[in-house]
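Below is run07.txt, which holds compact mmCIF, N, CA and C atoms.
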# COMPACT_ATOMS: atom_id res chain seq x y z
N LEU T 65 0.83 -1.18 0.00
CA LEU T 65 0.00 0.00 0.00
C LEU T 65 0.87 1.24 0.00
N ARG T 66 0.41 2.23 -0.71
CA ARG T 66 1.16 3.48 -0.73
C ARG T 66 1.09 4.18 0.61
N ASP T 67 -0.08 4.17 1.24
CA ASP T 67 -0.25 4.83 2.53
C ASP T 67 -1.13 3.97 3.43
N PRO T 68 -0.56 3.03 4.18
CA PRO T 68 -1.36 2.13 5.01
C PRO T 68 -2.17 2.83 6.08
N GLU T 69 -1.85 4.08 6.39
CA GLU T 69 -2.59 4.83 7.41
C GLU T 69 -3.77 5.59 6.83
N PHE T 70 -3.95 5.55 5.52
CA PHE T 70 -5.04 6.27 4.86
C PHE T 70 -6.38 5.69 5.30
N ALA T 71 -7.34 6.55 5.58
CA ALA T 71 -8.67 6.11 6.03
C ALA T 71 -9.41 5.39 4.90
N TRP T 72 -10.14 4.34 5.26
CA TRP T 72 -10.92 3.58 4.30
C TRP T 72 -12.18 4.36 3.95
N GLU T 73 -12.48 4.50 2.67
CA GLU T 73 -13.72 5.16 2.26
C GLU T 73 -14.84 4.16 2.05
N HIS T 74 -14.50 2.96 1.58
CA HIS T 74 -15.48 1.93 1.27
C HIS T 74 -14.95 0.58 1.74
N PRO T 75 -15.85 -0.33 2.08
CA PRO T 75 -15.37 -1.67 2.45
C PRO T 75 -14.90 -2.45 1.23
N ALA T 76 -14.07 -3.43 1.47
CA ALA T 76 -13.63 -4.35 0.42
C ALA T 76 -14.57 -5.55 0.45
N ILE T 77 -15.06 -5.95 -0.72
CA ILE T 77 -15.99 -7.07 -0.85
C ILE T 77 -15.27 -8.19 -1.60
N THR T 78 -15.35 -9.41 -1.07
CA THR T 78 -14.76 -10.57 -1.72
C THR T 78 -15.82 -11.65 -1.83
N THR T 79 -15.88 -12.32 -2.98
CA THR T 79 -16.79 -13.44 -3.17
C THR T 79 -15.96 -14.66 -3.54
N TYR T 80 -16.26 -15.78 -2.88
CA TYR T 80 -15.57 -17.02 -3.17
C TYR T 80 -16.63 -18.09 -3.40
N GLY T 81 -16.64 -18.66 -4.58
CA GLY T 81 -17.66 -19.65 -4.87
C GLY T 81 -19.03 -19.00 -4.98
N TYR T 82 -20.05 -19.79 -4.78
CA TYR T 82 -21.43 -19.32 -4.94
C TYR T 82 -22.00 -18.88 -3.59
N LYS T 83 -22.32 -17.61 -3.48
CA LYS T 83 -22.98 -17.02 -2.30
C LYS T 83 -22.12 -17.04 -1.03
N ASN T 84 -20.84 -17.04 -1.17
CA ASN T 84 -19.93 -16.91 -0.02
C ASN T 84 -19.25 -15.56 -0.14
N HIS T 85 -19.57 -14.64 0.77
CA HIS T 85 -19.09 -13.26 0.65
C HIS T 85 -18.42 -12.79 1.93
N THR T 86 -17.45 -11.91 1.76
CA THR T 86 -16.78 -11.26 2.87
C THR T 86 -16.83 -9.75 2.67
N VAL T 87 -17.10 -9.04 3.75
CA VAL T 87 -17.05 -7.58 3.76
C VAL T 87 -15.99 -7.20 4.78
N ARG T 88 -14.99 -6.43 4.32
CA ARG T 88 -13.89 -6.03 5.21
C ARG T 88 -13.86 -4.51 5.30
N THR T 89 -13.99 -4.01 6.50
CA THR T 89 -13.84 -2.58 6.75
C THR T 89 -12.54 -2.35 7.49
N GLU T 90 -12.30 -1.13 7.85
CA GLU T 90 -11.08 -0.81 8.59
C GLU T 90 -11.05 -1.52 9.95
N THR T 91 -12.23 -1.79 10.50
CA THR T 91 -12.30 -2.35 11.86
C THR T 91 -12.83 -3.78 11.94
N HIS T 92 -13.58 -4.25 10.95
CA HIS T 92 -14.24 -5.55 11.05
C HIS T 92 -14.13 -6.36 9.76
N ARG T 93 -14.27 -7.67 9.91
CA ARG T 93 -14.48 -8.58 8.78
C ARG T 93 -15.75 -9.37 9.07
N TYR T 94 -16.68 -9.32 8.11
CA TYR T 94 -17.93 -10.06 8.20
C TYR T 94 -17.95 -11.07 7.06
N ILE T 95 -18.29 -12.31 7.37
CA ILE T 95 -18.35 -13.38 6.38
C ILE T 95 -19.73 -14.00 6.43
N GLN T 96 -20.35 -14.14 5.25
CA GLN T 96 -21.64 -14.84 5.17
C GLN T 96 -21.47 -15.96 4.15
N TYR T 97 -21.80 -17.17 4.58
CA TYR T 97 -21.65 -18.35 3.74
C TYR T 97 -22.97 -18.70 3.06
N ALA T 98 -22.89 -19.51 2.01
CA ALA T 98 -24.06 -19.90 1.24
C ALA T 98 -25.10 -20.61 2.11
N ASP T 99 -24.67 -21.29 3.16
CA ASP T 99 -25.61 -22.00 4.03
C ASP T 99 -26.25 -21.08 5.07
N GLY T 100 -25.91 -19.77 5.04
CA GLY T 100 -26.48 -18.81 5.97
C GLY T 100 -25.66 -18.58 7.23
N SER T 101 -24.64 -19.38 7.46
CA SER T 101 -23.81 -19.17 8.65
C SER T 101 -22.98 -17.90 8.48
N GLU T 102 -22.56 -17.35 9.62
CA GLU T 102 -21.87 -16.07 9.61
C GLU T 102 -20.67 -16.07 10.55
N GLU T 103 -19.73 -15.20 10.24
CA GLU T 103 -18.60 -14.93 11.13
C GLU T 103 -18.40 -13.43 11.17
N LEU T 104 -18.00 -12.92 12.33
CA LEU T 104 -17.66 -11.51 12.48
C LEU T 104 -16.44 -11.41 13.37
N TYR T 105 -15.47 -10.63 12.93
CA TYR T 105 -14.25 -10.42 13.71
C TYR T 105 -14.01 -8.92 13.85
N ASP T 106 -13.59 -8.51 15.04
CA ASP T 106 -13.25 -7.13 15.33
C ASP T 106 -11.73 -7.01 15.28
N HIS T 107 -11.22 -6.42 14.23
CA HIS T 107 -9.77 -6.36 14.02
C HIS T 107 -9.06 -5.42 14.98
N ARG T 108 -9.80 -4.57 15.66
CA ARG T 108 -9.17 -3.71 16.67
C ARG T 108 -8.73 -4.54 17.87
N ASN T 109 -9.54 -5.55 18.23
CA ASN T 109 -9.27 -6.38 19.41
C ASN T 109 -8.81 -7.79 19.08
N ASP T 110 -8.99 -8.21 17.83
CA ASP T 110 -8.71 -9.59 17.43
C ASP T 110 -8.14 -9.59 16.00
N PRO T 111 -6.94 -9.06 15.79
CA PRO T 111 -6.41 -8.93 14.43
C PRO T 111 -6.15 -10.26 13.73
N TYR T 112 -6.03 -11.35 14.48
CA TYR T 112 -5.77 -12.65 13.87
C TYR T 112 -7.02 -13.50 13.70
N GLU T 113 -8.17 -12.92 14.00
CA GLU T 113 -9.48 -13.57 13.81
C GLU T 113 -9.59 -14.91 14.55
N TRP T 114 -9.30 -14.88 15.83
CA TRP T 114 -9.41 -16.07 16.66
C TRP T 114 -10.82 -16.25 17.21
N THR T 115 -11.55 -15.14 17.42
CA THR T 115 -12.83 -15.22 18.12
C THR T 115 -13.96 -14.68 17.25
N ASN T 116 -14.84 -15.57 16.83
CA ASN T 116 -16.01 -15.19 16.05
C ASN T 116 -17.04 -14.58 17.00
N ILE T 117 -17.38 -13.30 16.79
CA ILE T 117 -18.31 -12.61 17.68
C ILE T 117 -19.69 -12.42 17.03
N ALA T 118 -19.97 -13.13 15.94
CA ALA T 118 -21.23 -12.95 15.23
C ALA T 118 -22.45 -13.27 16.09
N SER T 119 -22.34 -14.20 17.01
CA SER T 119 -23.50 -14.60 17.81
C SER T 119 -23.72 -13.72 19.04
N LYS T 120 -22.83 -12.79 19.29
CA LYS T 120 -22.97 -11.91 20.46
C LYS T 120 -24.01 -10.83 20.16
N PRO T 121 -24.97 -10.61 21.07
CA PRO T 121 -25.99 -9.58 20.85
C PRO T 121 -25.41 -8.20 20.54
N ALA T 122 -24.28 -7.87 21.11
CA ALA T 122 -23.67 -6.56 20.88
C ALA T 122 -23.17 -6.39 19.44
N SER T 123 -23.07 -7.48 18.69
CA SER T 123 -22.59 -7.42 17.31
C SER T 123 -23.70 -7.19 16.30
N ALA T 124 -24.94 -7.24 16.72
CA ALA T 124 -26.07 -7.17 15.79
C ALA T 124 -26.06 -5.93 14.91
N MET T 125 -25.77 -4.78 15.47
CA MET T 125 -25.79 -3.55 14.68
C MET T 125 -24.66 -3.52 13.65
N VAL T 126 -23.50 -4.02 14.01
CA VAL T 126 -22.37 -4.07 13.07
C VAL T 126 -22.71 -5.02 11.92
N ILE T 127 -23.25 -6.18 12.24
CA ILE T 127 -23.63 -7.15 11.21
C ILE T 127 -24.67 -6.57 10.28
N GLU T 128 -25.67 -5.91 10.84
CA GLU T 128 -26.72 -5.32 10.01
C GLU T 128 -26.13 -4.32 9.01
N GLU T 129 -25.21 -3.49 9.48
CA GLU T 129 -24.62 -2.51 8.57
C GLU T 129 -23.75 -3.17 7.50
N LEU T 130 -22.96 -4.16 7.89
CA LEU T 130 -22.08 -4.82 6.92
C LEU T 130 -22.87 -5.65 5.91
N ARG T 131 -23.99 -6.21 6.31
CA ARG T 131 -24.85 -6.94 5.37
C ARG T 131 -25.33 -6.05 4.23
N ASN T 132 -25.48 -4.76 4.50
CA ASN T 132 -25.92 -3.84 3.45
C ASN T 132 -24.95 -3.76 2.28
N HIS T 133 -23.73 -4.21 2.47
CA HIS T 133 -22.73 -4.17 1.40
C HIS T 133 -22.65 -5.48 0.62
N LEU T 134 -23.37 -6.50 1.05
CA LEU T 134 -23.33 -7.78 0.34
C LEU T 134 -24.04 -7.67 -1.00
N PRO T 135 -23.60 -8.43 -1.99
CA PRO T 135 -24.30 -8.44 -3.27
C PRO T 135 -25.74 -8.92 -3.08
N THR T 136 -26.65 -8.33 -3.83
CA THR T 136 -28.06 -8.74 -3.75
C THR T 136 -28.39 -9.81 -4.77
N ARG T 137 -27.51 -9.99 -5.76
CA ARG T 137 -27.70 -11.03 -6.76
C ARG T 137 -26.41 -11.82 -6.88
N ASN T 138 -26.54 -13.10 -7.20
CA ASN T 138 -25.39 -13.98 -7.37
C ASN T 138 -25.52 -14.72 -8.69
N ALA T 139 -24.48 -14.70 -9.49
CA ALA T 139 -24.48 -15.45 -10.74
C ALA T 139 -24.31 -16.93 -10.44
N LYS T 140 -24.98 -17.75 -11.20
CA LYS T 140 -24.81 -19.19 -11.05
C LYS T 140 -23.40 -19.58 -11.48
N PRO T 141 -22.80 -20.56 -10.80
CA PRO T 141 -21.45 -20.99 -11.20
C PRO T 141 -21.48 -21.63 -12.60
N LEU T 142 -20.39 -21.49 -13.32
CA LEU T 142 -20.28 -22.13 -14.63
C LEU T 142 -20.15 -23.63 -14.45
N GLN T 143 -20.72 -24.37 -15.36
CA GLN T 143 -20.63 -25.82 -15.32
C GLN T 143 -19.29 -26.27 -15.90
N GLN T 144 -18.67 -27.24 -15.27
CA GLN T 144 -17.42 -27.81 -15.78
C GLN T 144 -17.72 -28.67 -16.99
N LYS T 145 -16.86 -28.63 -17.98
CA LYS T 145 -17.04 -29.48 -19.17
C LYS T 145 -16.35 -30.79 -19.00
In structure tokens, write the structure found in this file.
Amino acid sequence: LRDPEFAWEHPAITTYGYKNHTVRTETHRYIQYADGSEELYDHRNDPYEWTNIASKPASAMVIEELRNHLPTRNAKPLQQK
């Protein structure tokens, strides 16, 4: 990175496979899997992602906001020949 201290303007979105998405902000990583399971990590307190805090009631507002960045449509995977 040219300036690692630069403030994030937008989250980074990553998709792996079908309906598996990650939203990464400056402070959190939220993961939603195709089966509906979720993970949330607070990088301020847990930079190595040891503790999934998605099930904690205090995380509900963060999850709700990060879900707003998830894709609303998913393309079907290509079939292997």
### Query
If you count all atoms listed in the file, which residues fall within 6.5 Å of segment 95-103 of chain T, apart from same-chain ones fewer than 2 positions away, as a PyMOL selection string?
chain T and resi 82-87+93+105+116-118
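Pairwise distance (atom CA of Arg131 of chain T, atom C of Ile77 of chain T) equals 11.9 Å.
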All residues 8 Å or closer to His92 of chain T, only C-alpha atoms, same chain fewer than 4 positions away omitted, as an mmCIF file with N, CA and C atoms, keeping the file's coordinate frame:
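Wrote it out as result21.cif, contents follow:
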data_model
loop_
_atom_site.group_PDB
_atom_site.id
_atom_site.type_symbol
_atom_site.label_atom_id
_atom_site.label_comp_id
_atom_site.auth_asym_id
_atom_site.auth_seq_id
_atom_site.Cartn_x
_atom_site.Cartn_y
_atom_site.Cartn_z
ATOM 1 N N ARG T 88 -14.990 -6.430 4.320
ATOM 2 C CA ARG T 88 -13.890 -6.030 5.210
ATOM 3 C C ARG T 88 -13.860 -4.510 5.300
ATOM 4 N N LEU T 104 -18.000 -12.920 12.330
ATOM 5 C CA LEU T 104 -17.660 -11.510 12.480
ATOM 6 C C LEU T 104 -16.440 -11.410 13.370
ATOM 7 N N TYR T 105 -15.470 -10.630 12.930
ATOM 8 C CA TYR T 105 -14.250 -10.420 13.710
ATOM 9 C C TYR T 105 -14.010 -8.920 13.850
ATOM 10 N N ASP T 106 -13.590 -8.510 15.040
ATOM 11 C CA ASP T 106 -13.250 -7.130 15.330
ATOM 12 C C ASP T 106 -11.730 -7.010 15.280
ATOM 13 N N HIS T 107 -11.220 -6.420 14.230
ATOM 14 C CA HIS T 107 -9.770 -6.360 14.020
ATOM 15 C C HIS T 107 -9.060 -5.420 14.980
ATOM 16 N N ARG T 108 -9.800 -4.570 15.660
ATOM 17 C CA ARG T 108 -9.170 -3.710 16.670
ATOM 18 C C ARG T 108 -8.730 -4.540 17.870
#
One residue among T:Gln144, T:Asn109, T:Thr89, T:Thr115 is nearest to Glu129 of chain T when using only C-alpha atoms, and that residue is T:Thr89
Can you check which residues of chain T DSSP gives as strand (DSSP E) on the backbone and send them as a JSON list (two decimals) with N, CA and C atoms, in the coordinates of the input?
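The new file selection.json reads:
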[["chain", "number", "residue", "atom", "x", "y", "z"],
["T", 76, "ALA", "N", -14.07, -3.43, 1.47],
["T", 76, "ALA", "CA", -13.63, -4.35, 0.42],
["T", 76, "ALA", "C", -14.57, -5.55, 0.45],
["T", 77, "ILE", "N", -15.06, -5.95, -0.72],
["T", 77, "ILE", "CA", -15.99, -7.07, -0.85],
["T", 77, "ILE", "C", -15.27, -8.19, -1.60],
["T", 78, "THR", "N", -15.35, -9.41, -1.07],
["T", 78, "THR", "CA", -14.76, -10.57, -1.72],
["T", 78, "THR", "C", -15.82, -11.65, -1.83],
["T", 79, "THR", "N", -15.88, -12.32, -2.98],
["T", 79, "THR", "CA", -16.79, -13.44, -3.17],
["T", 79, "THR", "C", -15.96, -14.66, -3.54],
["T", 85, "HIS", "N", -19.57, -14.64, 0.77],
["T", 85, "HIS", "CA", -19.09, -13.26, 0.65],
["T", 85, "HIS", "C", -18.42, -12.79, 1.93],
["T", 86, "THR", "N", -17.45, -11.91, 1.76],
["T", 86, "THR", "CA", -16.78, -11.26, 2.87],
["T", 86, "THR", "C", -16.83, -9.75, 2.67],
["T", 87, "VAL", "N", -17.10, -9.04, 3.75],
["T", 87, "VAL", "CA", -17.05, -7.58, 3.76],
["T", 87, "VAL", "C", -15.99, -7.20, 4.78],
["T", 88, "ARG", "N", -14.99, -6.43, 4.32],
["T", 88, "ARG", "CA", -13.89, -6.03, 5.21],
["T", 88, "ARG", "C", -13.86, -4.51, 5.30],
["T", 92, "HIS", "N", -13.58, -4.25, 10.95],
["T", 92, "HIS", "CA", -14.24, -5.55, 11.05],
["T", 92, "HIS", "C", -14.13, -6.36, 9.76],
["T", 93, "ARG", "N", -14.27, -7.67, 9.91],
["T", 93, "ARG", "CA", -14.48, -8.58, 8.78],
["T", 93, "ARG", "C", -15.75, -9.37, 9.07],
["T", 94, "TYR", "N", -16.68, -9.32, 8.11],
["T", 94, "TYR", "CA", -17.93, -10.06, 8.20],
["T", 94, "TYR", "C", -17.95, -11.07, 7.06],
["T", 95, "ILE", "N", -18.29, -12.31, 7.37],
["T", 95, "ILE", "CA", -18.35, -13.38, 6.38],
["T", 95, "ILE", "C", -19.73, -14.00, 6.43],
["T", 96, "GLN", "N", -20.35, -14.14, 5.25],
["T", 96, "GLN", "CA", -21.64, -14.84, 5.17],
["T", 96, "GLN", "C", -21.47, -15.96, 4.15],
["T", 102, "GLU", "N", -22.56, -17.35, 9.62],
["T", 102, "GLU", "CA", -21.87, -16.07, 9.61],
["T", 102, "GLU", "C", -20.67, -16.07, 10.55],
["T", 103, "GLU", "N", -19.73, -15.20, 10.24],
["T", 103, "GLU", "CA", -18.60, -14.93, 11.13],
["T", 103, "GLU", "C", -18.40, -13.43, 11.17],
["T", 104, "LEU", "N", -18.00, -12.92, 12.33],
["T", 104, "LEU", "CA", -17.66, -11.51, 12.48],
["T", 104, "LEU", "C", -16.44, -11.41, 13.37],
["T", 105, "TYR", "N", -15.47, -10.63, 12.93],
["T", 105, "TYR", "CA", -14.25, -10.42, 13.71],
["T", 105, "TYR", "C", -14.01, -8.92, 13.85],
["T", 106, "ASP", "N", -13.59, -8.51, 15.04],
["T", 106, "ASP", "CA", -13.25, -7.13, 15.33],
["T", 106, "ASP", "C", -11.73, -7.01, 15.28]]
Excluding Lys140 of chain T and any residue of its chain fewer than 2 positions from it, enumerate the residues within 8 Å of it, using all atoms listed in the file, and give them as a list in words.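 These residues fall inside the cut-off: Gly81, Tyr82, Arg137, Asn138, Leu142 and Gln143 of chain T.
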Can you work out the spacing between atom C of Ser123 of chain T and atom N of Thr91 of chain T in Å, to one decimal?
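It comes out at 13.9 Å.
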### Task
Find the distance between atom C of Leu130 of chain T and atom N of Ala76 of chain T and write it in Å to one decimal.
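Atom-to-atom, atom C of Leu130 of chain T and atom N of Ala76 of chain T are spaced 10.1 Å apart.
Per DSSP on the backbone, alpha helix (DSSP H) in chain T comprises Ala124, Met125, Val126, Ile127, Glu128, Glu129, Leu130 and Arg131 of chain T.
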As lines of an AutoDock Vina configuration file, please: the centre and edge lengths in Å, to one decimal, of an axis-aligned box enclosing every listed atom of segment 100-116 of chain T with 5 Å added on each side.
center_x = -16.1
center_y = -11.7
center_z = 12.2
size_x = 30.7
size_y = 26.1
size_z = 24.4
